[in-house]
Amino acid sequence: MTEPRTHDLVLTGGTVVDGRGGPAVLADVAVDGDRIAAVGAPGAFAGRRTLDVTGKVVSPGFIDIHSHADFTLAVDGRAQSSVAQGITTVVTGNCGHGVAPVTDRSAPLVPTNIPGWRAAWDDRQTWRTFPEYLDVLRGRGVGVNVFPLIAHGALRLAVAGFETRALRRAELDRMRELVGEAMDAGAVGISTGLEYAPGLAADTAELITVTGPVGERAGLYASHCRNRTDRIVEAAEEAVAIAGRTGCRLQLSHFVRRPTATDRSLFHRAVDVVRAGPTRSRLDVFPFPHGPTPLPTFVVPMSIRDAPRREVARRLADRSLLDDLDQRFVDALEGGVAATCYLASDGGDGALVGRSLGDLAGEWGMSLPEVVLEVLRRADVDFYDAVVVERVFDDADLRWALLQPDFLVMGDGLTGALDGPLAGHAMCASDWGYAPEMLGRFVRDERLVPIEQAVARMTAEPAAQIGLTDRGVLAAGYRADVVVFDPAGVGTAVREDALISTPAGVDEVLVNGTAVVSAGRFTGALPGTVGHRPG
């Protein structure tokens, strides 16, 4: 009789939610090296090491399909804020914001167009090409798997800076070359940020042209679309057209109507447009009503962005900018939005973090537009790291989206840490809390979504969107990205004015079979994979 195999690790006694949406089952999980060896009946496996996880849920590690951690991972690869939640994979480069490639044209501009990049950390940027950027992350090590999108904004900066004109044929060709290079190096797709500079200068024809090489390589088109208010249907139609023309899978980012939109029916019509698209299409949402926005996107016109950060900071000190502010922004602030716009990062020493723009207006005796410019002035060269969390979703719309099986659950934040250079730095509540908020509040407490469906939309579904065939499911042969959490205790204390809090109830986290969280404590291990290498 053959002796039973002894596995490296056996998680025994837990309830397995395998990511595929089927019923939870009592089962043991065996791990060998960086792979799941088997999932079977309790007591079926012998292990060199055994963890009793009775009463806990064992699931695939969560995949954050919408992260802005491009630069923070280069500053501190541990990704403590992610692994603390059970996140084992992040997809970076979203909303058209990215850190590579860097050309002579874009070198002074890229640092002013990505959240989390401060001038004090400029020496961390040692790459020029997209492949070199991935190699930097691999060389320094990361605690999570990183599967990046190439950002359309970084591409446009590389050839034309913040210029608002139509691109020349040679510039489009160069962008296509850079896209192909990035995809071949490990990118999983391309993202656009069409409400942000410089992406807002691109027309549909440009986006189809530049996205072509992604479709040729069976990649993803992820878009922060042009409008989520009165023109949300047209924005959805544009995204579907780009995906259809290029053959890309489609991801619509944080695709919930803004609260200022008055006609809710347009939102539902836009979702129907996405669902009727010719390629695999999904949407996503984070489980908080507040979301992040860099303050410069409200007030800094592209006409003054096309310069090194020191020069832009000088221009931001010019009070004549008050005459050029977008009136919709001014109306929104004065209509009450300012009271719920909290500073997540002030671009400085953190003294203003957690304060609302409305509170500062009263304290400083300034108008709301003046407060915004004063915050940017104080941030000086780190003006793009002045970020607010604002109310971006109506509660009814948020709950509706969380009920939909094709709305993936994601973060939209950075990676942070409790110590080291990123200590105290955050972008939004999701940084430390989106997974436990979903599992604790909306799954357990409100019973809005069954746990099996919630886990699927945080694991197998995003894995399929980014083209991963060996992650996101607990099954033999899949990568051993695993989280063990207490369904009765999982949760978070983060809120819109207090963004950093270690989640509760996440006990064990494996990335490629290596523990990054053990008995609720960080191990400091850096076992993450960087970049997708098909085959």
# chains A, B, ... in the order shown; residues from 1 in each chain; ligands from 1

$ select_by_dssp --residues "segment 15-88 of chain A" --states "alpha helix (DSSP H)" --output "PyMOL selection string"
chain A and resi 72-75+80-83

$ residues_around --residues "segment 302-316 of chain A" --least-positions-apart "4" --cutoff "7 Å" --atoms "only C-alpha atoms" --output "list in words"
Pro108, Leu109, Thr112, Gly161, Phe162, Ala197, Arg377, Asp380 and Val381 of chain A

$ residues_around --residues "Val490 of chain A" --least-positions-apart "2" --cutoff "8 Å" --atoms "only C-alpha atoms" --output "list in words"
Pro436, Leu439, Gly440, Phe485, Asp486, Pro487, Ala488, Thr492, Pro503, Ala504, Gly505 and Val506 of chain A

$ residues_around --residues "Val91 of chain A" --least-positions-apart "3" --cutoff "8 Å" --atoms "only C-alpha atoms" --output "PyMOL selection string"
chain A and resi 63-67+94+146-149

$ atom_distance --atom1 "atom CA of Phe407 of chain A" --atom2 "atom CA of Asp497 of chain A"
26.1 Å

$ residues_around --residues "segment 40-43 of chain A" --least-positions-apart "4" --cutoff "9 Å" --atoms "only C-alpha atoms" --output "list in words"
Thr12, Gly13, Gly14, Leu26, Ala27, Asp28, Val29 and Ala30 of chain A

$ write_last_selection --atoms "N, CA and C atoms" --output "JSON list (two decimals), in the first residue's frame"
[["chain", "number", "residue", "atom", "x", "y", "z"],
["A", 12, "THR", "N", -6.52, 22.80, 8.28],
["A", 12, "THR", "CA", -7.51, 21.78, 8.62],
["A", 12, "THR", "C", -8.64, 22.36, 9.46],
["A", 13, "GLY", "N", -9.86, 21.86, 9.20],
["A", 13, "GLY", "CA", -11.01, 22.20, 10.01],
["A", 13, "GLY", "C", -11.78, 23.42, 9.57],
["A", 14, "GLY", "N", -11.36, 24.06, 8.50],
["A", 14, "GLY", "CA", -12.00, 25.30, 8.07],
["A", 14, "GLY", "C", -13.16, 25.08, 7.12],
["A", 26, "LEU", "N", -17.11, 22.26, 4.44],
["A", 26, "LEU", "CA", -16.05, 21.91, 5.37],
["A", 26, "LEU", "C", -15.01, 21.09, 4.63],
["A", 27, "ALA", "N", -13.78, 21.54, 4.63],
["A", 27, "ALA", "CA", -12.73, 20.83, 3.87],
["A", 27, "ALA", "C", -11.37, 21.27, 4.38],
["A", 28, "ASP", "N", -10.39, 20.43, 4.11],
["A", 28, "ASP", "CA", -8.99, 20.76, 4.38],
["A", 28, "ASP", "C", -8.31, 21.18, 3.09],
["A", 29, "VAL", "N", -7.30, 22.01, 3.23],
["A", 29, "VAL", "CA", -6.55, 22.50, 2.07],
["A", 29, "VAL", "C", -5.08, 22.15, 2.27],
["A", 30, "ALA", "N", -4.50, 21.45, 1.29],
["A", 30, "ALA", "CA", -3.10, 21.07, 1.34],
["A", 30, "ALA", "C", -2.29, 21.94, 0.38]]

$ residues_around --residues "Arg275 of chain A" --least-positions-apart "3" --cutoff "12 Å" --atoms "only C-alpha atoms" --output "PyMOL selection string"
chain A and resi 236-237+239-240+249-252+268-272+278-283+404-407

$ select_by_dssp --residues "segment 136-185 of chain A" --states "strand (DSSP E or B)" --output "list in words"
Asn145, Val146, Leu149, Ile150 and Ala151 of chain A

$ residues_around --residues "Asp70 of chain A" --least-positions-apart "6" --cutoff "12 Å" --atoms "only C-alpha atoms" --output "VMD selection string"
chain A and resid 76 to 77 79 90 to 100 110 to 111 113 to 117 124 to 125 130 133 to 134 136 to 137 142 146 to 151 154 412 to 416 530

$ decode --residues "segment 352-366 of chain A" --atoms "all heavy atoms" --output "PDB file, in the first residue's frame"
ATOM      1  N   LEU A 352      -3.233  68.366   8.294  1.00  0.00           N
ATOM      2  CA  LEU A 352      -4.587  68.640   7.826  1.00  0.00           C
ATOM      3  C   LEU A 352      -5.380  67.369   7.548  1.00  0.00           C
ATOM      4  O   LEU A 352      -6.566  67.440   7.200  1.00  0.00           O
ATOM      5  CB  LEU A 352      -4.540  69.491   6.557  1.00  0.00           C
ATOM      6  CG  LEU A 352      -3.819  70.835   6.654  1.00  0.00           C
ATOM      7  CD1 LEU A 352      -3.856  71.558   5.322  1.00  0.00           C
ATOM      8  CD2 LEU A 352      -4.432  71.692   7.753  1.00  0.00           C
ATOM      9  N   VAL A 353      -4.751  66.212   7.666  1.00  0.00           N
ATOM     10  CA  VAL A 353      -5.420  64.953   7.345  1.00  0.00           C
ATOM     11  C   VAL A 353      -6.608  64.746   8.279  1.00  0.00           C
ATOM     12  O   VAL A 353      -6.522  64.957   9.496  1.00  0.00           O
ATOM     13  CB  VAL A 353      -4.436  63.773   7.452  1.00  0.00           C
ATOM     14  CG1 VAL A 353      -5.174  62.439   7.393  1.00  0.00           C
ATOM     15  CG2 VAL A 353      -3.409  63.856   6.327  1.00  0.00           C
ATOM     16  N   GLY A 354      -7.726  64.353   7.701  1.00  0.00           N
ATOM     17  CA  GLY A 354      -8.941  64.121   8.468  1.00  0.00           C
ATOM     18  C   GLY A 354      -9.822  65.346   8.601  1.00  0.00           C
ATOM     19  O   GLY A 354     -10.963  65.237   9.068  1.00  0.00           O
ATOM     20  N   ARG A 355      -9.321  66.517   8.186  1.00  0.00           N
ATOM     21  CA  ARG A 355     -10.122  67.743   8.242  1.00  0.00           C
ATOM     22  C   ARG A 355     -10.934  67.875   6.967  1.00  0.00           C
ATOM     23  O   ARG A 355     -10.478  67.530   5.876  1.00  0.00           O
ATOM     24  CB  ARG A 355      -9.203  68.964   8.387  1.00  0.00           C
ATOM     25  CG  ARG A 355      -8.239  68.906   9.552  1.00  0.00           C
ATOM     26  CD  ARG A 355      -8.949  69.028  10.898  1.00  0.00           C
ATOM     27  NE  ARG A 355      -9.747  70.227  10.998  1.00  0.00           N
ATOM     28  CZ  ARG A 355      -9.278  71.449  11.281  1.00  0.00           C
ATOM     29  NH1 ARG A 355      -7.967  71.612  11.485  1.00  0.00           N
ATOM     30  NH2 ARG A 355     -10.071  72.487  11.375  1.00  0.00           N
ATOM     31  N   SER A 356     -12.133  68.418   7.085  1.00  0.00           N
ATOM     32  CA  SER A 356     -12.943  68.648   5.892  1.00  0.00           C
ATOM     33  C   SER A 356     -12.637  70.028   5.319  1.00  0.00           C
ATOM     34  O   SER A 356     -12.190  70.947   6.040  1.00  0.00           O
ATOM     35  CB  SER A 356     -14.439  68.546   6.209  1.00  0.00           C
ATOM     36  OG  SER A 356     -14.904  69.716   6.856  1.00  0.00           O
ATOM     37  N   LEU A 357     -12.874  70.182   4.030  1.00  0.00           N
ATOM     38  CA  LEU A 357     -12.666  71.487   3.398  1.00  0.00           C
ATOM     39  C   LEU A 357     -13.576  72.529   4.025  1.00  0.00           C
ATOM     40  O   LEU A 357     -13.204  73.695   4.165  1.00  0.00           O
ATOM     41  CB  LEU A 357     -12.917  71.385   1.893  1.00  0.00           C
ATOM     42  CG  LEU A 357     -11.999  70.447   1.103  1.00  0.00           C
ATOM     43  CD1 LEU A 357     -12.347  70.498  -0.375  1.00  0.00           C
ATOM     44  CD2 LEU A 357     -10.527  70.790   1.319  1.00  0.00           C
ATOM     45  N   GLY A 358     -14.786  72.114   4.398  1.00  0.00           N
ATOM     46  CA  GLY A 358     -15.709  73.049   5.042  1.00  0.00           C
ATOM     47  C   GLY A 358     -15.183  73.541   6.378  1.00  0.00           C
ATOM     48  O   GLY A 358     -15.272  74.739   6.698  1.00  0.00           O
ATOM     49  N   ASP A 359     -14.635  72.622   7.188  1.00  0.00           N
ATOM     50  CA  ASP A 359     -14.064  73.019   8.474  1.00  0.00           C
ATOM     51  C   ASP A 359     -12.912  74.006   8.286  1.00  0.00           C
ATOM     52  O   ASP A 359     -12.786  74.998   9.023  1.00  0.00           O
ATOM     53  CB  ASP A 359     -13.555  71.795   9.228  1.00  0.00           C
ATOM     54  CG  ASP A 359     -14.680  70.952   9.803  1.00  0.00           C
ATOM     55  OD1 ASP A 359     -15.819  71.445   9.878  1.00  0.00           O
ATOM     56  OD2 ASP A 359     -14.412  69.780  10.157  1.00  0.00           O
ATOM     57  N   LEU A 360     -12.063  73.729   7.309  1.00  0.00           N
ATOM     58  CA  LEU A 360     -10.919  74.608   7.076  1.00  0.00           C
ATOM     59  C   LEU A 360     -11.358  75.980   6.595  1.00  0.00           C
ATOM     60  O   LEU A 360     -10.747  76.992   6.962  1.00  0.00           O
ATOM     61  CB  LEU A 360      -9.969  73.968   6.060  1.00  0.00           C
ATOM     62  CG  LEU A 360      -9.261  72.693   6.534  1.00  0.00           C
ATOM     63  CD1 LEU A 360      -8.422  72.102   5.408  1.00  0.00           C
ATOM     64  CD2 LEU A 360      -8.395  72.964   7.752  1.00  0.00           C
ATOM     65  N   ALA A 361     -12.423  76.041   5.804  1.00  0.00           N
ATOM     66  CA  ALA A 361     -12.925  77.325   5.338  1.00  0.00           C
ATOM     67  C   ALA A 361     -13.353  78.198   6.519  1.00  0.00           C
ATOM     68  O   ALA A 361     -13.039  79.395   6.582  1.00  0.00           O
ATOM     69  CB  ALA A 361     -14.098  77.116   4.383  1.00  0.00           C
ATOM     70  N   GLY A 362     -14.042  77.569   7.499  1.00  0.00           N
ATOM     71  CA  GLY A 362     -14.453  78.325   8.663  1.00  0.00           C
ATOM     72  C   GLY A 362     -13.268  78.745   9.522  1.00  0.00           C
ATOM     73  O   GLY A 362     -13.208  79.883  10.013  1.00  0.00           O
ATOM     74  N   GLU A 363     -12.303  77.852   9.672  1.00  0.00           N
ATOM     75  CA  GLU A 363     -11.150  78.138  10.526  1.00  0.00           C
ATOM     76  C   GLU A 363     -10.245  79.195   9.921  1.00  0.00           C
ATOM     77  O   GLU A 363      -9.710  80.062  10.628  1.00  0.00           O
ATOM     78  CB  GLU A 363     -10.377  76.850  10.757  1.00  0.00           C
ATOM     79  CG  GLU A 363      -9.163  76.996  11.648  1.00  0.00           C
ATOM     80  CD  GLU A 363      -8.472  75.666  11.881  1.00  0.00           C
ATOM     81  OE1 GLU A 363      -9.178  74.685  12.203  1.00  0.00           O
ATOM     82  OE2 GLU A 363      -7.238  75.601  11.715  1.00  0.00           O
ATOM     83  N   TRP A 364     -10.059  79.138   8.602  1.00  0.00           N
ATOM     84  CA  TRP A 364      -9.138  80.057   7.935  1.00  0.00           C
ATOM     85  C   TRP A 364      -9.807  81.338   7.458  1.00  0.00           C
ATOM     86  O   TRP A 364      -9.128  82.247   6.987  1.00  0.00           O
ATOM     87  CB  TRP A 364      -8.476  79.359   6.737  1.00  0.00           C
ATOM     88  CG  TRP A 364      -7.573  78.226   7.119  1.00  0.00           C
ATOM     89  CD1 TRP A 364      -7.097  77.931   8.359  1.00  0.00           C
ATOM     90  CD2 TRP A 364      -7.029  77.230   6.243  1.00  0.00           C
ATOM     91  NE1 TRP A 364      -6.288  76.816   8.320  1.00  0.00           N
ATOM     92  CE2 TRP A 364      -6.219  76.364   7.033  1.00  0.00           C
ATOM     93  CE3 TRP A 364      -7.134  76.984   4.877  1.00  0.00           C
ATOM     94  CZ2 TRP A 364      -5.541  75.279   6.495  1.00  0.00           C
ATOM     95  CZ3 TRP A 364      -6.460  75.905   4.335  1.00  0.00           C
ATOM     96  CH2 TRP A 364      -5.673  75.057   5.131  1.00  0.00           C
ATOM     97  N   GLY A 365     -11.136  81.401   7.531  1.00  0.00           N
ATOM     98  CA  GLY A 365     -11.842  82.593   7.057  1.00  0.00           C
ATOM     99  C   GLY A 365     -11.714  82.786   5.560  1.00  0.00           C
ATOM    100  O   GLY A 365     -11.573  83.924   5.080  1.00  0.00           O
ATOM    101  N   MET A 366     -11.760  81.683   4.818  1.00  0.00           N
ATOM    102  CA  MET A 366     -11.600  81.724   3.364  1.00  0.00           C
ATOM    103  C   MET A 366     -12.823  81.147   2.686  1.00  0.00           C
ATOM    104  O   MET A 366     -13.592  80.388   3.286  1.00  0.00           O
ATOM    105  CB  MET A 366     -10.377  80.892   2.927  1.00  0.00           C
ATOM    106  CG  MET A 366      -9.046  81.399   3.373  1.00  0.00           C
ATOM    107  SD  MET A 366      -7.724  80.293   2.739  1.00  0.00           S
ATOM    108  CE  MET A 366      -6.272  81.160   3.319  1.00  0.00           C
TER     109      MET A 366
END
